[in-house]
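Q: Below is the structure I would like to discuss, written out as structure tokens.
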Amino acid sequence: MAEIRPYDGDQPYIFISYAHANSPAVMEVVQELHHRGFRIWYDDGIEVGSEWQENIAQHLADASLMIAFVSNAYMRSDNCRKEMHYAVSKKKNLINIFLEETQLTPGMEMQIGNLFALMKYTMSDEVFYEKLWNAPQLGPELLAEDSQPAKPRSRVKKQKKVPIDLTVEQKKQKKRKNLRLVRFSVFSLLLVAVLVFGIVAWSTGLAKRLEVRIQQEDLRLLPDDTVVDIKNELLERAAREFCGIPEGEMKVSDLAGLTELYVYGDRYSLSSYEAVIGEENTGSVEDLSDLAYFTHLEKLVLAFQPLRSLETMPACPIEYLSIDSCPLTSLQGIGSLLMLREFNADACPIRDLGNLSNCLELRRLCLMGANVSDFSSLKPLIHLAEAELSNCGLNELDTLLGLSGLTDLTFRDCDLRGTFFKAFDRERIIVSLTLIDCKLNSTDNLDDFRGLTTLSLARTGETLDWSILSRLPALRTVYIDTSMEEAIGSALAGTDVQVIVSE
């Protein structure tokens with residue numbers, strides 16, 4: 001196949017966006033475009049010594065049309081997705097050529113779902129090129145000056161059938177038949193569209209996110225002039241201390257500046273967790289309904305409380321919630337915290353995630369000590385970036401490992417035997433991974449974690465071959481205990497990776 005020199009000039013040209021894994025199939029189409037005289041630029045036109053990202057961005061900004069060759073490899077490529085987002089945001093003319101049946105992310109489907117697309121993998125070459133040359137975006141201004149406008153490939157003309165005279169009744173019957181056919185076709189298309197949308201909405205969590213967004217509009221906090229009637233003795237003392245009203249009527253507005261509350265056993269603090277120690281208080285928190293009066297509370301820490309349920313949790317603006325060493329087995333009720341961004345539950349025997357799926361803004365989840373087997377509630381949480389889990393098996397983690405935003409993961413006492421490193425949806429964006437007291441029998445596919453900078457291992461995979469770590473370009477630090485010293489030390493000998501050993 002002859003080499004094509006990327007266009008370098010100030011005339012309108014086509015920018016080719018593709019994954020290098022699809023180069024053979026892409027270059028066939030590029031050759032056809034070049035043969036017909038179209039001006040084309042692709043990443044072989046990057047000058048040696050130039051800044052790669054800036055060069056790509058500048059040529060895409062100057063292009064009159066982008067042709068994207070979409071595939072599963074394209075969707076896995078961060079650079080390809082950035083090119084698509086940029087082209088859509090700049091309202092570039094765009095032709096999407098699907099090389100194979102491709103699983104689009106919800107965000108990508110929302111962006112390009114209504115744009116001009118050719119499903120090449122479903123067409124013969126003749127049909128594909130005929131549709132491509134007829135694409136309205138492929139205008140003559142993209143042709144070199146000495147080229148002729150592209151024309152559709154010729155097709156064999158069919159002989160016209162000689163019309164047959166029909167009676168009036170036959171014409172009516174034919175019209176009714178055609179009308180029924182049209183109605184049936186429209187109904188079938190609508191049914192298919194509904195089914196496809198339903199499947200996509202269910203599999204991506206889109207349906208749940210839409211449901212929660214609708215519910216959020218109905219949530220209201222108590223008005224500022226509401227009279228405070230706190231039943232819990234400890235919470236009332238905290239409220240009165242904050243507003244400086246030792247007795248008598250308090251209103252919600254008096255608590256407007258109270259944004260943090262720390263409760264440890266029978267003691268509390270309004271400033272920090274450390275300030276709890278030494279205070280002489282009595283009481284505990286078991287019912288959370290009084291928190292409705294704390295309409296500006298953003299951070300709440302509860303430790304060693306007789307808290308058995310979150311179902312009394314009112315709608316609050318809490319963004320950080322930590323519940324440690326409480327006899328809590330279910331998170332049902334946490335869904336009322338629609339602004340929750342970080343949730344910690346250390347040493348709680350949690351078995352059920354309840355309505356955690358309502359917390360769409362959740363970024364960090366810590367469930368050390370829990371024993372959860374169903375993580376399907378996490379599917380709508382597309383912003384979740386950090387998770388710490390314990391006592392779970394690899395077959396239970398499909399939903400979690402399928403989340404595209406994860407960057408930091410910690411597992412303790414988990415059975416990860418099988419294809420653990422192959423089970424991730426976006427393994428390249430994982431930057432930190434910790435495995436403690438986990439069962440692991442393979443390091444296959446660990447070389448796909450090309451964004452991993454920090455790895456922590458303790459009593460996990462001591463007999464495995466970790467030499468694959470030396471091929472991770474971003475890896476900088478590995479924390480291990482003495483049980484891992486021999487395996488990791490030999491694997492990273494002679495590399496720049498820092499290995500830190502702790503007892």
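Letters A, B, ... go to the chains of the structure tokens in the order shown; residues in each chain start at 1; ligands are counted from 1 in the same order.
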Quick one: everything within 12 Å of Ile16 of chain A, counting only C-alpha atoms, minus sequence neighbours fewer than 5 positions away in the same chain. Send it as a compact mmCIF listing (two decimals) with C-alpha atoms, in the first residue's frame.

A:
# COMPACT_ATOMS: atom_id res chain seq x y z
CA PRO A 6 -0.44 14.11 5.13
CA TYR A 7 -1.60 17.46 3.78
CA SER A 23 -4.62 1.00 11.11
CA VAL A 26 -8.43 2.69 8.30
CA MET A 27 -5.66 3.03 5.73
CA VAL A 29 -10.40 4.00 3.32
CA VAL A 30 -7.76 6.72 3.55
CA GLN A 31 -6.20 5.37 0.34
CA LEU A 33 -10.04 9.23 -0.17
CA HIS A 34 -6.53 10.14 -1.31
CA PHE A 38 -9.22 14.69 -1.02
CA ARG A 39 -6.78 16.62 1.15
CA ILE A 40 -6.10 14.50 4.26
CA TRP A 41 -4.14 14.88 7.50
CA TYR A 42 -3.46 12.11 10.01
CA ASP A 43 -0.90 11.64 12.79
CA ASP A 44 1.92 10.55 10.47
CA GLY A 45 2.15 14.25 9.67
CA ILE A 56 -2.85 17.07 17.12
CA HIS A 59 -4.51 20.28 13.10
CA LEU A 60 -7.95 19.28 14.43
CA ALA A 63 -9.58 20.97 9.84
CA SER A 64 -12.87 21.46 7.99
CA LEU A 65 -14.05 17.88 8.56
CA MET A 66 -13.15 15.05 10.94
CA ILE A 67 -13.66 11.43 9.93
CA ALA A 68 -13.59 9.18 13.02
CA PHE A 69 -13.11 5.42 12.65
CA VAL A 70 -15.02 4.22 15.71
CA CYS A 80 -9.30 9.25 20.52
CA GLU A 83 -10.37 14.18 19.74
CA MET A 84 -14.08 13.30 19.50
CA ALA A 87 -14.59 18.04 17.50
CA LEU A 94 -18.08 15.02 11.47
CA ILE A 95 -18.45 11.61 9.82
CA ASN A 96 -18.33 8.57 12.12
CA ILE A 97 -17.38 5.29 10.43

Q: When you look at segment 287-294 of chain A with a cut-off of 6 Å (counting only C-alpha atoms), what residues show up, excluding the ones that are within fewer than 4 positions of it in the same chain? I need them as a list in words.

A: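 Near neighbours after the sequence-gap exclusion: Ile230, Val252, Thr312, Met313 and Pro314 of chain A.
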
Q: Assign secondary structure with DSSP using the backbone only, and return the residues of segment 3-134 of chain A in helix (DSSP H, G or I) as a count of residues only.

A: 66

Q: Can you list, as number ranges by chain, every protein, DNA or RNA residue that comes within 12 Å of Ser336 of chain A when you count only C-alpha atoms, leaving out same-chain residues fewer than 2 positions away?

A: A: 212, 215-216, 218-221, 288-289, 291-292, 310-319, 331-334, 338-340, 354-360

Q: For Pro473 of chain A, find every residue with an atom within 9 Å (counting only C-alpha atoms), except residues of its own chain fewer than 3 positions away, and show them as a list in words.

A: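 Those residues are Arg450, Gly451, Leu452, Thr453, Leu469, Ser470 and Arg476 of chain A.
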
Q: Quick one: DSSP strand (DSSP E) residues in segment 340-401 of chain A, as an MDAnalysis selection string?

A: chainID A and resid 342:344 364:366 386:390

Q: For Ala458 of chain A, find every residue with an atom within 6 Å (counting only C-alpha atoms), except residues of its own chain fewer than 5 positions away, and show them as a PyMOL selection string.

A: chain A and resi 436+480-481

Q: I'd like the contact shell of Ala61 of chain A - 12 Å cut-off, only C-alpha atoms, skipping same-chain residues fewer than 5 positions apart - returned as a list of chain:residue names.

A: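 With the cut-off at 12 Å, the set is A:Pro12, A:Tyr13, A:Ile14, A:Phe15, A:Glu54, A:Asn55, A:Ile56, A:Met66, A:Glu83, A:Met84, A:Tyr86, A:Ala87, A:Val88, A:Ser89, A:Lys90, A:Lys91, A:Lys92, A:Asn93.
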
Q: When you look at segment 388-405 of chain A with a cut-off of 8 Å (counting only C-alpha atoms), what residues show up, excluding the ones that are within fewer than 3 positions of it in the same chain? I need them as an NGL selection string.

A: :A and (365-376 or 378-379 or 381-385 or 409-418 or 420 or 423-426 or 429)

Q: When you count only C-alpha atoms, which of these residues is closest to Glu342 of chain A: A:Glu386, A:Ala25, A:Tyr262, A:Leu302?

A: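 Among A:Glu386, A:Ala25, A:Tyr262, A:Leu302, it is A:Glu386 that comes nearest to Glu342 of chain A.
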